[in-house]
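Shown next: structure_10.pdb, containing PDB, C-alpha atoms.
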ATOM      1  CA  GLY A   4       0.000   0.000   0.000
ATOM      2  CA  ASP A   5       0.949   3.551  -0.274
ATOM      3  CA  GLY A   6      -0.443   4.837   3.004
ATOM      4  CA  ASP A   7       1.057   7.907   4.681
ATOM      5  CA  GLY A   8       2.118   7.888   8.245
ATOM      6  CA  ASP A   9       2.011  10.456  11.002
ATOM      7  CA  GLY A  10       4.391  10.827  13.916
ATOM      8  CA  ASP A  11       7.599   8.951  14.802
ATOM      9  CA  GLY A  12       6.177   5.542  14.106
ATOM     10  CA  ALA A  13       4.974   6.289  10.584
ATOM     11  CA  VAL A  14       5.762   3.902   7.754
ATOM     12  CA  PRO A  15       8.068   5.615   5.166
ATOM     13  CA  THR A  16       6.465   6.623   1.873
ATOM     14  CA  TRP A  17       7.664   5.572  -1.584
ATOM     15  CA  GLU A  18       9.307   8.994  -2.016
ATOM     16  CA  ALA A  19      11.295   8.614   1.185
ATOM     17  CA  SER A  20      12.341   5.108   0.200
ATOM     18  CA  ALA A  21      13.460   6.340  -3.197
ATOM     19  CA  GLN A  22      15.551   9.074  -1.560
ATOM     20  CA  CYS A  23      17.251   6.499   0.707
ATOM     21  CA  ILE A  24      18.024   4.231  -2.247
ATOM     22  CA  GLY A  25      19.402   7.138  -4.243
ATOM     23  CA  LYS A  26      21.669   8.212  -1.381
ATOM     24  CA  ALA A  27      22.977   4.669  -0.963
ATOM     25  CA  ALA A  28      23.695   4.466  -4.686
ATOM     26  CA  ALA A  29      25.554   7.782  -4.567
ATOM     27  CA  ASP A  30      27.619   6.613  -1.591
ATOM     28  CA  GLY A  31      28.440   3.376  -3.446
ATOM     29  CA  ALA A  32      29.529   5.266  -6.528
ATOM     30  CA  SER A  33      31.686   7.550  -4.434
ATOM     31  CA  LEU A  34      33.286   4.527  -2.696
ATOM     32  CA  ALA A  35      33.953   2.862  -6.053
ATOM     33  CA  SER A  36      35.583   6.005  -7.428
ATOM     34  CA  ARG A  37      37.838   6.279  -4.363
ATOM     35  CA  SER A  38      38.823   2.613  -4.737
ATOM     36  CA  GLU A  39      39.729   3.173  -8.394
ATOM     37  CA  SER A  40      41.835   6.195  -7.488
ATOM     38  CA  LEU A  41      43.664   4.226  -4.817
ATOM     39  CA  ALA A  42      44.312   1.413  -7.282
ATOM     40  CA  SER A  43      45.652   3.881  -9.864
ATOM     41  CA  MET A  44      48.085   5.180  -7.198
ATOM     42  CA  GLY A  45      49.517   1.671  -6.743
ATOM     43  CA  MET A  46      47.845   0.756  -3.447
ATOM     44  CA  ARG A  47      46.853  -2.729  -4.483
ATOM     45  CA  THR A  48      47.516  -4.307  -1.082
ATOM     46  CA  LEU A  49      46.677  -3.372   2.443
ATOM     47  CA  PRO A  50      49.228  -1.348   4.372
ATOM     48  CA  SER A  51      51.598  -3.454   6.460
ATOM     49  CA  TRP A  52      50.299  -1.972   9.677
ATOM     50  CA  LEU A  53      46.776  -3.076   8.710
ATOM     51  CA  ALA A  54      47.760  -6.532   7.398
ATOM     52  CA  ARG A  55      49.776  -7.414  10.526
ATOM     53  CA  PRO A  56      47.772  -9.807  12.810
ATOM     54  CA  SER A  57      46.628  -8.542  16.129
ATOM     55  CA  PRO A  58      48.901  -9.539  19.052
ATOM     56  CA  ILE A  59      45.835 -10.365  21.091
ATOM     57  CA  GLY A  60      44.468 -12.696  18.368
ATOM     58  CA  SER A  61      47.862 -14.392  17.985
ATOM     59  CA  ARG A  62      48.107 -15.080  21.698
ATOM     60  CA  LYS A  63      44.592 -16.512  21.638
ATOM     61  CA  LEU A  64      45.408 -18.861  18.745
ATOM     62  CA  LEU A  65      48.649 -19.967  20.402
ATOM     63  CA  GLY A  66      46.778 -20.645  23.619
ATOM     64  CA  GLN A  67      44.182 -22.752  21.830
ATOM     65  CA  GLU A  68      46.905 -24.734  20.031
ATOM     66  CA  ALA A  69      48.771 -25.333  23.298
ATOM     67  CA  ARG A  70      45.614 -26.552  25.014
ATOM     68  CA  ARG A  71      44.870 -28.845  22.059
ATOM     69  CA  LYS A  72      48.374 -30.342  22.167
ATOM     70  CA  THR A  73      48.146 -30.818  25.932
ATOM     71  CA  LYS A  74      44.813 -32.571  25.532
ATOM     72  CA  HIS A  75      46.227 -34.894  22.857
ATOM     73  CA  GLN A  76      49.275 -35.671  24.986
ATOM     74  CA  THR A  77      47.022 -36.461  27.935
ATOM     75  CA  LEU A  78      44.880 -38.781  25.805
ATOM     76  CA  ASP A  79      47.982 -40.489  24.377
ATOM     77  CA  ARG A  80      49.322 -41.043  27.869
ATOM     78  CA  GLN A  81      46.005 -42.463  29.068
ATOM     79  CA  VAL A  82      45.782 -44.815  26.068
ATOM     80  CA  LEU A  83      49.375 -45.932  26.621
ATOM     81  CA  GLU A  84      48.588 -46.760  30.220
ATOM     82  CA  LEU A  85      45.661 -48.947  29.115
ATOM     83  CA  VAL A  86      47.700 -51.044  26.654
ATOM     84  CA  THR A  87      50.820 -51.536  28.790
ATOM     85  CA  PHE A  88      51.581 -52.801  32.260
ATOM     86  CA  THR A  89      53.836 -49.889  33.181
ATOM     87  CA  GLY A  90      53.840 -49.557  36.953
ATOM     88  CA  CYS A  91      51.669 -52.655  37.462
ATOM     89  CA  GLU A  92      53.686 -55.534  36.044
ATOM     90  CA  HIS A  93      52.224 -57.853  38.680
ATOM     91  CA  LEU A  94      48.897 -57.777  36.804
ATOM     92  CA  LYS A  95      50.387 -59.442  33.713
ATOM     93  CA  ARG A  96      49.478 -63.030  34.509
ATOM     94  CA  ALA A  97      48.726 -66.215  32.610
ATOM     95  CA  SER A  98      47.833 -69.827  33.351
ATOM     96  CA  ARG A  99      49.521 -72.962  32.146
ATOM     97  CA  LEU A 100      47.550 -74.750  29.466
ATOM     98  CA  SER A 101      47.584 -77.944  31.508
ATOM     99  CA  GLN A 102      45.825 -76.096  34.342
ATOM    100  CA  VAL A 103      43.095 -74.835  32.013
ATOM    101  CA  LEU A 104      42.448 -78.253  30.420
ATOM    102  CA  ARG A 105      42.686 -80.281  33.614
ATOM    103  CA  CYS A 106      39.764 -82.614  34.336
ATOM    104  CA  HIS A 107      38.359 -82.099  30.848
ATOM    105  CA  GLY A 108      38.139 -78.345  31.202
ATOM    106  CA  LYS A 109      36.550 -78.278  34.628
ATOM    107  CA  ILE A 110      37.520 -74.623  34.988
ATOM    108  CA  PHE A 111      34.894 -73.800  32.310
ATOM    109  CA  LYS A 112      32.032 -75.290  34.311
ATOM    110  CA  HIS A 113      30.919 -71.878  35.591
ATOM    111  CA  SER A 114      32.168 -68.313  35.641
ATOM    112  CA  ALA A 115      32.378 -67.891  39.419
ATOM    113  CA  GLY A 116      35.962 -67.520  40.563
ATOM    114  CA  SER A 117      37.815 -67.152  43.839
ATOM    115  CA  ALA A 118      41.252 -66.514  45.255
ATOM    116  CA  ALA A 119      42.034 -70.176  44.574
ATOM    117  CA  THR A 120      41.303 -69.844  40.849
ATOM    118  CA  TYR A 121      43.422 -66.678  40.734
ATOM    119  CA  GLU A 122      46.307 -68.709  42.125
ATOM    120  CA  LEU A 123      46.104 -70.896  39.015
ATOM    121  CA  SER A 124      47.831 -68.055  37.177
ATOM    122  CA  ALA A 125      51.231 -66.488  37.739
ATOM    123  CA  PRO A 126      53.173 -63.441  36.501
ATOM    124  CA  VAL A 127      54.704 -64.051  33.076
ATOM    125  CA  GLU A 128      56.864 -62.264  30.544
ATOM    126  CA  THR A 129      54.705 -63.104  27.527
ATOM    127  CA  ILE A 130      51.271 -64.616  26.902
ATOM    128  CA  ASP A 131      51.139 -67.302  24.213
ATOM    129  CA  ALA A 132      47.384 -67.191  23.602
ATOM    130  CA  PHE A 133      44.409 -65.093  24.700
ATOM    131  CA  ILE A 134      41.353 -67.363  25.011
ATOM    132  CA  SER A 135      38.147 -65.497  24.147
ATOM    133  CA  HIS A 136      34.877 -67.325  24.861
ATOM    134  CA  ASN A 137      31.376 -67.043  26.304
ATOM    135  CA  TRP A 138      30.514 -68.598  29.642
ATOM    136  CA  SER A 139      27.088 -69.632  28.374
ATOM    137  CA  VAL A 140      28.705 -72.235  26.094
ATOM    138  CA  PRO A 141      28.947 -75.746  27.648
ATOM    139  CA  ARG A 142      32.402 -76.628  28.863
ATOM    140  CA  HIS A 143      32.827 -79.784  26.750
ATOM    141  CA  TYR A 144      32.596 -77.723  23.552
ATOM    142  CA  LYS A 145      35.396 -75.484  24.808
ATOM    143  CA  PHE A 146      37.492 -78.458  25.885
ATOM    144  CA  LEU A 147      37.219 -80.124  22.468
ATOM    145  CA  THR A 148      38.044 -76.844  20.728
ATOM    146  CA  LEU A 149      41.109 -76.195  22.867
ATOM    147  CA  VAL A 150      42.552 -79.705  22.606
ATOM    148  CA  CYS A 151      42.131 -79.666  18.822
ATOM    149  CA  TYR A 152      43.873 -76.308  18.569
ATOM    150  CA  PHE A 153      46.756 -76.959  20.953
ATOM    151  CA  ASN A 154      47.266 -80.745  20.687
ATOM    152  CA  PHE A 155      46.276 -81.729  17.158
ATOM    153  CA  ASP A 156      49.651 -81.324  15.397
ATOM    154  CA  ARG A 157      51.565 -83.173  18.098
ATOM    155  CA  ALA A 158      48.928 -85.920  18.237
ATOM    156  CA  VAL A 159      49.221 -86.477  14.481
ATOM    157  CA  ILE A 160      53.023 -86.761  14.690
ATOM    158  CA  VAL A 161      52.912 -89.196  17.607
ATOM    159  CA  MET A 162      50.142 -91.176  15.921
ATOM    160  CA  ALA A 163      52.225 -91.513  12.757
ATOM    161  CA  VAL A 164      55.181 -92.843  14.768
ATOM    162  CA  PHE A 165      52.902 -95.237  16.659
ATOM    163  CA  THR A 166      51.321 -96.519  13.431
ATOM    164  CA  LEU A 167      54.730 -97.107  11.853
ATOM    165  CA  ALA A 168      55.977 -99.008  14.895
ATOM    166  CA  LEU A 169      52.770-101.031  15.071
ATOM    167  CA  GLY A 170      53.050-101.909  11.393
ATOM    168  CA  ILE A 171      56.624-103.097  11.828
ATOM    169  CA  VAL A 172      55.712-105.267  14.807
ATOM    170  CA  THR A 173      52.677-106.692  12.988
ATOM    171  CA  ALA A 174      54.703-107.446   9.871
ATOM    172  CA  GLY A 175      57.218-109.263  12.043
ATOM    173  CA  GLY A 176      54.520-111.670  13.163
ATOM    174  CA  TRP A 177      54.389-110.593  16.812
ATOM    175  CA  LEU A 178      50.789-109.380  16.613
ATOM    176  CA  PRO A 179      47.685-111.107  15.214
ATOM    177  CA  VAL A 180      46.547-110.399  11.669
ATOM    178  CA  VAL A 181      43.414-111.118   9.666
ATOM    179  CA  PRO A 182      44.197-112.865   6.376
ATOM    180  CA  GLU A 183      42.770-111.254   3.267
ATOM    181  CA  LYS A 184      42.787-112.239  -0.381
ATOM    182  CA  HIS A 185      45.237-109.538  -1.362
ATOM    183  CA  TYR A 186      46.993-108.590   1.875
ATOM    184  CA  PRO A 187      46.550-109.208   5.620
ATOM    185  CA  TRP A 188      45.871-106.428   8.064
ATOM    186  CA  GLY A 189      46.589-106.156  11.748
ATOM    187  CA  VAL A 190      43.889-106.496  14.337
ATOM    188  CA  CYS A 191      45.608-104.165  16.818
ATOM    189  CA  GLY A 192      45.844-101.393  14.250
ATOM    190  CA  ARG A 193      42.118-101.548  13.506
ATOM    191  CA  VAL A 194      41.198-101.582  17.181
ATOM    192  CA  LEU A 195      43.676 -99.083  18.626
ATOM    193  CA  TRP A 196      44.032 -96.285  16.067
ATOM    194  CA  ALA A 197      41.063 -94.160  17.182
ATOM    195  CA  PRO A 198      41.450 -94.632  20.968
ATOM    196  CA  VAL A 199      45.171 -93.861  20.808
ATOM    197  CA  PHE A 200      44.565 -90.732  18.738
ATOM    198  CA  ALA A 201      41.820 -89.560  21.117
ATOM    199  CA  VAL A 202      44.055 -90.118  24.135
ATOM    200  CA  LEU A 203      46.841 -88.114  22.484
ATOM    201  CA  LEU A 204      44.413 -85.284  21.833
ATOM    202  CA  PHE A 205      42.853 -85.277  25.289
ATOM    203  CA  TYR A 206      45.937 -85.964  27.387
ATOM    204  CA  GLY A 207      48.843 -85.169  25.082
ATOM    205  CA  ARG A 208      49.652 -82.133  27.202
ATOM    206  CA  GLU A 209      50.479 -84.460  30.088
ATOM    207  CA  LEU A 210      53.191 -86.312  28.144
ATOM    208  CA  PRO A 211      56.771 -85.517  29.246
ATOM    209  CA  PHE A 212      57.739 -84.230  25.789
ATOM    210  CA  ALA A 213      54.598 -82.127  25.357
ATOM    211  CA  ALA A 214      55.933 -78.601  25.254
ATOM    212  CA  CYS A 215      52.395 -77.285  24.769
ATOM    213  CA  SER A 216      51.556 -78.173  28.374
ATOM    214  CA  GLY A 217      53.638 -75.240  29.555
ATOM    215  CA  ARG A 218      52.093 -72.679  27.253
ATOM    216  CA  ALA A 219      50.962 -69.518  28.981
ATOM    217  CA  VAL A 220      47.336 -68.699  28.164
ATOM    218  CA  PHE A 221      45.035 -65.936  29.328
ATOM    219  CA  LEU A 222      41.701 -66.975  30.800
ATOM    220  CA  ASP A 223      39.618 -64.270  32.452
ATOM    221  CA  LYS A 224      38.571 -66.486  35.354
ATOM    222  CA  THR A 225      42.121 -67.280  36.414
ATOM    223  CA  CYS A 226      44.013 -64.146  35.352
ATOM    224  CA  ILE A 227      41.585 -61.530  36.724
ATOM    225  CA  HIS A 228      40.908 -61.652  40.460
ATOM    226  CA  GLN A 229      37.224 -62.400  40.999
ATOM    227  CA  GLU A 230      37.031 -61.325  44.657
ATOM    228  CA  ASP A 231      39.499 -58.465  45.173
ATOM    229  CA  LYS A 232      37.603 -55.579  43.576
ATOM    230  CA  ASP A 233      40.644 -53.296  43.326
ATOM    231  CA  ILE A 234      42.724 -55.858  41.437
ATOM    232  CA  MET A 235      39.694 -56.744  39.318
ATOM    233  CA  LYS A 236      39.187 -53.101  38.351
ATOM    234  CA  GLN A 237      42.843 -52.612  37.459
ATOM    235  CA  SER A 238      42.951 -55.818  35.417
ATOM    236  CA  ILE A 239      39.758 -55.019  33.499
ATOM    237  CA  GLU A 240      41.044 -51.527  32.728
ATOM    238  CA  ARG A 241      44.145 -53.137  31.234
ATOM    239  CA  LEU A 242      42.384 -55.715  29.125
ATOM    240  CA  GLY A 243      43.977 -53.997  26.150
ATOM    241  CA  ALA A 244      47.388 -54.628  27.728
ATOM    242  CA  PHE A 245      46.618 -58.360  27.982
ATOM    243  CA  LEU A 246      45.666 -58.352  24.310
ATOM    244  CA  SER A 247      48.709 -56.377  23.175
ATOM    245  CA  HIS A 248      51.042 -58.723  25.081
ATOM    246  CA  SER A 249      49.439 -61.901  23.673
ATOM    247  CA  ASP A 250      51.061 -63.621  20.714
ATOM    248  CA  ARG A 251      47.726 -64.922  19.453
ATOM    249  CA  MET A 252      43.995 -64.712  20.122
ATOM    250  CA  LEU A 253      41.917 -67.895  20.055
ATOM    251  CA  ILE A 254      38.180 -67.363  19.651
ATOM    252  CA  VAL A 255      35.891 -70.199  20.726
ATOM    253  CA  TYR A 256      33.107 -69.173  18.379
ATOM    254  CA  THR A 257      29.381 -69.820  18.753
ATOM    255  CA  ASP A 258      26.228 -68.059  17.577
ATOM    256  CA  VAL A 259      26.138 -65.953  20.748
ATOM    257  CA  TYR A 260      29.735 -64.747  20.472
ATOM    258  CA  LEU A 261      29.009 -61.556  18.536
ATOM    259  CA  GLN A 262      25.860 -60.910  20.576
ATOM    260  CA  LYS A 263      27.795 -60.242  23.775
ATOM    261  CA  LEU A 264      29.339 -56.819  24.312
ATOM    262  CA  TRP A 265      32.330 -58.176  26.232
ATOM    263  CA  THR A 266      33.542 -60.518  23.478
ATOM    264  CA  VAL A 267      32.860 -57.943  20.769
ATOM    265  CA  TYR A 268      35.002 -55.507  22.743
ATOM    266  CA  GLU A 269      37.806 -58.080  22.954
ATOM    267  CA  VAL A 270      37.751 -58.616  19.184
ATOM    268  CA  ALA A 271      37.697 -54.879  18.436
ATOM    269  CA  ALA A 272      40.519 -54.178  20.878
ATOM    270  CA  PHE A 273      42.672 -57.010  19.523
ATOM    271  CA  LEU A 274      42.205 -55.947  15.893
ATOM    272  CA  SER A 275      43.203 -52.401  16.802
ATOM    273  CA  LEU A 276      46.415 -53.640  18.455
ATOM    274  CA  GLN A 277      47.452 -56.746  16.519
ATOM    275  CA  ALA A 278      47.495 -58.075  12.969
ATOM    276  CA  THR A 279      44.534 -60.117  11.755
ATOM    277  CA  ASP A 280      46.716 -63.165  11.051
ATOM    278  CA  ARG A 281      47.301 -63.479  14.782
ATOM    279  CA  MET A 282      43.617 -64.215  15.359
ATOM    280  CA  THR A 283      42.239 -67.767  15.085
ATOM    281  CA  VAL A 284      38.489 -68.393  15.023
ATOM    282  CA  ILE A 285      37.285 -71.959  15.655
ATOM    283  CA  PRO A 286      33.521 -72.649  15.603
ATOM    284  CA  VAL A 287      32.727 -75.190  18.300
ATOM    285  CA  ILE A 288      30.777 -77.289  15.809
ATOM    286  CA  CYS A 289      33.976 -78.175  13.897
ATOM    287  CA  PRO A 290      35.701 -80.161  16.694
ATOM    288  CA  ALA A 291      32.375 -81.803  17.583
ATOM    289  CA  VAL A 292      31.876 -82.995  13.990
ATOM    290  CA  PHE A 293      35.479 -84.201  13.826
ATOM    291  CA  PHE A 294      35.184 -86.333  16.948
ATOM    292  CA  MET A 295      31.856 -87.689  15.776
ATOM    293  CA  ALA A 296      33.442 -88.731  12.472
ATOM    294  CA  LEU A 297      36.341 -90.269  14.393
ATOM    295  CA  LEU A 298      33.924 -92.332  16.472
ATOM    296  CA  VAL A 299      31.908 -93.465  13.450
ATOM    297  CA  GLY A 300      35.074 -94.456  11.593
ATOM    298  CA  TRP A 301      36.369 -96.437  14.534
ATOM    299  CA  VAL A 302      33.089 -98.288  15.061
ATOM    300  CA  GLY A 303      32.977 -99.093  11.375
ATOM    301  CA  SER A 304      36.491-100.507  11.429
ATOM    302  CA  ILE A 305      35.572-102.717  14.373
ATOM    303  CA  LEU A 306      32.380-104.037  12.763
ATOM    304  CA  ILE A 307      34.169-105.267   9.639
ATOM    305  CA  LEU A 308      36.601-107.413  11.657
TER
END
Show how you would write the structure in this file as structure tokens.
Amino acid sequence: GDGDGDGDGAVPTWEASAQCIGKAAADGASLASRSESLASMGMRTLPSWLARPSPIGSRKLLGQEARRKTKHQTLDRQVLELVTFTGCEHLKRASRLSQVLRCHGKIFKHSAGSAATYELSAPVETIDAFISHNWSVPRHYKFLTLVCYFNFDRAVIVMAVFTLALGIVTAGGWLPVVPEKHYPWGVCGRVLWAPVFAVLLFYGRELPFAACSGRAVFLDKTCIHQEDKDIMKQSIERLGAFLSHSDRMLIVYTDVYLQKLWTVYEVAAFLSLQATDRMTVIPVICPAVFFMALLVGWVGSILIL
């Protein structure tokens, strides 16, 4: 609208608006002409006194940078404390593999620990393997997984030596054989191969030459005090240190493994500290199927005698 206004609060008319616009245009033209004259005189840059940064602004920027560096150094120091045992070397503990597998993995029966279970571990220089698992998984699955991982290679070597010796003794006529049309075969070999191999897997760590029995492994129940809350807190805070000082990580995998925050945290922490080729994942179904096939093969060899 074009209404007129009275008094101080009146709305400006079109004429007044036009006058304001004209004045602004004149001021702009005047400013442009002055800029052109300055450019023609060679003043293409700001004077040095105007281009120089303000001392107050510089001090502010330097202060912000110093605070940022201090914050980063503090964070780096805190992270370093969480992945090392500096000042608390007594927390770096591990259990012997033979202790963990004793009585068919009795230690995995439940998660409750005590001072006695903490005594199953001792301070060590290095940790051979970090065992990551879920307590909801039955202990026999864990036992089969661990014996297959730690004892399988040695059991195969010993079984090969035993089979060779048994074949030599059988060929010498000191053991009974079953005559066949093409070649005879030994009765003892058919009967003993599976039981001997199973015994080597289950109890190979107890043999005098079994170096794997002395392997140092991390198990949360034995290496983290379950009753002393102060030691427990310090050990849990340095879970990253346990992972960084472990040569390998063995995952006893089930369907619930990636559904638990604790085990997911262990995997994420290990992958951020170690190479992926140092991680071994064994689904518990694999050892179970292997032992089932071993049993079926042994029964079949007995039935055809």
Q) Hey, what comes out of the PyMOL selection byres ((chain A and resi 195) around 12) on this file? Could you write it as a ChimeraX atom specification? A) /A:162,165-166,169,189-194,196-202,301-302,304-305
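Picture a line from atom CA of Cys106 of chain A to atom CA of Phe294 of chain A; it runs 18.4 Å.
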**Q.** Shell of 9 Å around Leu253 of chain A, all atoms listed in the file, local chain residues under 2 positions omitted, as a PyMOL selection string
**A.** chain A and resi 132-136+149+152+251+255+281-285
Q: Name the closest residue to Ile110 of chain A among the candidates A:Thr87, A:Thr225, A:Thr257, A:Ser249; distances are taken between atoms, counting only C-alpha atoms.
A: A:Thr225
**Q.** Non-local contacts of His107 of chain A (10 Å; all atoms listed in the file; under 3 positions in same chain excluded) as a ChimeraX atom specification
**A.** /A:103-104,110-112,142-143,145-147,150,205-206
Q: Apply the PyMOL selection byres ((chain A and resi 97) around 8) to the structure shown and report the selected residues as a ChimeraX atom specification.
A: /A:95-96,98-99,124-127,130,219-222,225-226
